[in-house]
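The structure under discussion appears below in the form of structure tokens.
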Amino acid sequence: MLSKISYPSITPGRITAVWLVLQVARKYQRATRSEIEAIASATSLRGGGLPISEGLALAELIGYLKFLENCPRLSSDGWHLSQLSDSEEPSPLVVREIALLLAKRIRPPWIAFSDPKLPIEERRVAIPEGWQEVLEDAGLFDMPPSREVQEWWDSIHMANEILLDELKSKIGRKGEELTMAFEKARLEDMNRRDLASRVILVSEKDDRFGFDVASFAAGIVPGLEEEAPIMVEVKSSTSTSRKGLAFELTRNEWDVAERNERVYFFHFWQGISFDEFQGNKQTAFGPFILRADSLTPYIPSDSPIELGRWTKCHIELDIGELFSKFVRTA
């Protein structure tokens, strides 16, 4: 889940505290939360100055540990990890395991630089000092990397890809919500509340339709009856630019648009932020509305060679150049 939750800074001491908490929870399965914290704090490791309470919180955050009726319950991951060693100091393998689940859980910004194809020094430059020390302890900057280290970075990179997909999905859904509200308000302003009640988010049912929202022509398509259906494809972005629009277009979307170019419209929403996701103030602006035929000059041609039919393209539009073609702009 994407959010603005603040997490504690990560340091080697807090990772070690997670390890000690898990060991204590495994050995003292009837201990209360306060007893586990007290036992872990009594260790002579590093002069007893480890941040045990933060380690306990992180162990719960990662999902290694939870308390039922004030008694500790280790997850399968927590139990497995706690049995890897009896040493009070976590091994590089243990640190790697903890760092992996922790990074996947809290998704720190530096995972955007986790691509294994990037040189080590380029990855390190975006990683905060505490995390750098933890990853150093885990041997994750060793060169050449072992197979286990390479797999670790691959796993983190995959987590980042999943995060990006989630973000794109949230941005897209918010744009669809904004278009639904816009279309209903537009039709109500035309005194067609009956039509407004029939606006449908078709992408919610099936994304193979080739458009997102089914609405009606009233006030937007001259010469057509007000009840005539129109198709709306929604493109959403976090960009705050009022000069350009950039988006991805699938072949299916364009094929449907070409067949219905008079009644097929694109809605572009810009500036969507976390505030929209959390129900706070709206920061998005739009929609910039274009009829399908306005995009024809920007559509790539199919290659004459076998299998040369494009399936997805990236389009960038200059709002100034297209200004006269917009049905409506923000």
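Labels for the structure tokens follow display order: chains A, B, ..., residues from 1 in each chain, ligands from 1.
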inquiry  = So that I can check the surroundings of A:Thr179, please list as a list in words every protein, DNA and RNA residue that reaches within 8 Å of it, counting only C-alpha atoms and ignoring chain neighbours fewer than 4 positions away.
reply    =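 Near neighbours after the sequence-gap exclusion: Gly175, Glu183, Val213, Val234, His267 and Pro287 of chain A.
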task = Give me the residues within 10 Å of stretch 124-130 of chain A as a PyMOL selection string, counting only C-alpha atoms and dropping any in the same chain fewer than 2 places off.
result = chain A and resi 9-14+108-114+118-122+132-136+141
request  = Using only C-alpha atoms, find the one residue out of A:Lys104, A:Arg262, A:Arg208, A:His80 that sits nearest to A:Ile230.
outcome  =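 For A:Ile230, the nearest of the candidates is A:Arg262.
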request  = Name all residues at most 12 Å from A:Glu97 (count only C-alpha atoms; drop same-chain ones fewer than 5 positions away) and give them as a PyMOL selection string.
outcome  = chain A and resi 15+18-19+62+64+77-78+80-82+84+90-92+102-104+134-135+137-140+148-149+151-153+155-156
ask   = Within 8 Å of stretch 237-252 of chain A, counting only C-alpha atoms, which residues qualify if same-chain residues fewer than 2 places away don't, as a VMD selection string?
value = chain A and resid 171 to 172 208 210 235 254 to 256 268 to 273 310 to 320
Mind dumping the selected residues with N, CA and C atoms as a short mmCIF file (atom, residue, chain, number, x, y, z; two decimals), in the first residue's frame?
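Writing the result to out_38.cif gives the following:
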```
data_model
loop_
_atom_site.label_atom_id
_atom_site.label_comp_id
_atom_site.auth_asym_id
_atom_site.auth_seq_id
_atom_site.Cartn_x
_atom_site.Cartn_y
_atom_site.Cartn_z
N ILE A 171 -2.62 5.98 -10.04
CA ILE A 171 -2.74 7.21 -10.81
C ILE A 171 -3.84 7.06 -11.86
N GLY A 172 -3.84 5.90 -12.54
CA GLY A 172 -4.86 5.66 -13.55
C GLY A 172 -6.26 5.63 -12.98
N ARG A 208 -10.51 -4.64 -22.10
CA ARG A 208 -10.39 -4.92 -23.52
C ARG A 208 -11.32 -4.08 -24.39
N GLY A 210 -11.09 -0.97 -24.90
CA GLY A 210 -10.30 0.01 -25.63
C GLY A 210 -10.59 1.44 -25.22
N LYS A 235 -6.12 9.38 -19.60
CA LYS A 235 -4.68 9.33 -19.42
C LYS A 235 -4.32 10.24 -18.24
N TRP A 254 -5.97 2.52 -29.80
CA TRP A 254 -5.98 3.31 -31.03
C TRP A 254 -6.89 2.70 -32.10
N ASP A 255 -6.94 1.37 -32.20
CA ASP A 255 -7.83 0.74 -33.16
C ASP A 255 -9.28 1.11 -32.88
N VAL A 256 -9.66 1.09 -31.61
CA VAL A 256 -11.03 1.47 -31.24
C VAL A 256 -11.26 2.95 -31.53
N PHE A 268 -7.04 14.04 -20.52
CA PHE A 268 -5.71 14.07 -19.90
C PHE A 268 -5.80 14.81 -18.57
N TRP A 269 -5.39 14.12 -17.49
CA TRP A 269 -5.32 14.73 -16.17
C TRP A 269 -3.87 14.83 -15.74
N GLN A 270 -3.47 16.00 -15.25
CA GLN A 270 -2.09 16.24 -14.82
C GLN A 270 -2.07 16.53 -13.32
N GLY A 271 -0.87 16.35 -12.73
CA GLY A 271 -0.66 16.78 -11.34
C GLY A 271 -1.30 15.91 -10.28
N ILE A 272 -1.61 14.65 -10.59
CA ILE A 272 -2.19 13.75 -9.58
C ILE A 272 -1.10 13.42 -8.56
N SER A 273 -1.45 13.54 -7.27
CA SER A 273 -0.45 13.33 -6.21
C SER A 273 -1.00 12.41 -5.14
N TRP A 310 3.08 -2.26 -34.59
CA TRP A 310 3.31 -1.73 -33.25
C TRP A 310 2.18 -2.15 -32.31
N THR A 311 2.51 -2.33 -31.04
CA THR A 311 1.52 -2.74 -30.04
C THR A 311 1.32 -1.70 -28.94
N LYS A 312 2.34 -0.88 -28.70
CA LYS A 312 2.22 0.20 -27.72
C LYS A 312 3.19 1.30 -28.14
N CYS A 313 2.79 2.54 -27.97
CA CYS A 313 3.68 3.64 -28.31
C CYS A 313 3.64 4.72 -27.22
N HIS A 314 4.72 5.49 -27.16
CA HIS A 314 4.83 6.61 -26.23
C HIS A 314 4.64 7.89 -27.03
N ILE A 315 3.73 8.73 -26.58
CA ILE A 315 3.40 9.96 -27.30
C ILE A 315 3.62 11.16 -26.40
N GLU A 316 4.25 12.19 -26.93
CA GLU A 316 4.44 13.45 -26.21
C GLU A 316 3.81 14.57 -27.05
N LEU A 317 2.95 15.35 -26.42
CA LEU A 317 2.22 16.41 -27.11
C LEU A 317 2.59 17.77 -26.56
N ASP A 318 2.73 18.74 -27.43
CA ASP A 318 2.92 20.13 -27.05
C ASP A 318 1.55 20.79 -26.98
N ILE A 319 1.16 21.22 -25.79
CA ILE A 319 -0.18 21.78 -25.62
C ILE A 319 -0.38 23.03 -26.47
N GLY A 320 0.68 23.84 -26.58
CA GLY A 320 0.57 25.05 -27.40
C GLY A 320 0.27 24.74 -28.85
#
```
inquiry  = Here is a test: counting only C-alpha atoms, which residue of A:Arg33, A:Arg123, A:Arg107, A:Lys325 is nearest to A:Glu161?
reply    = A:Arg107
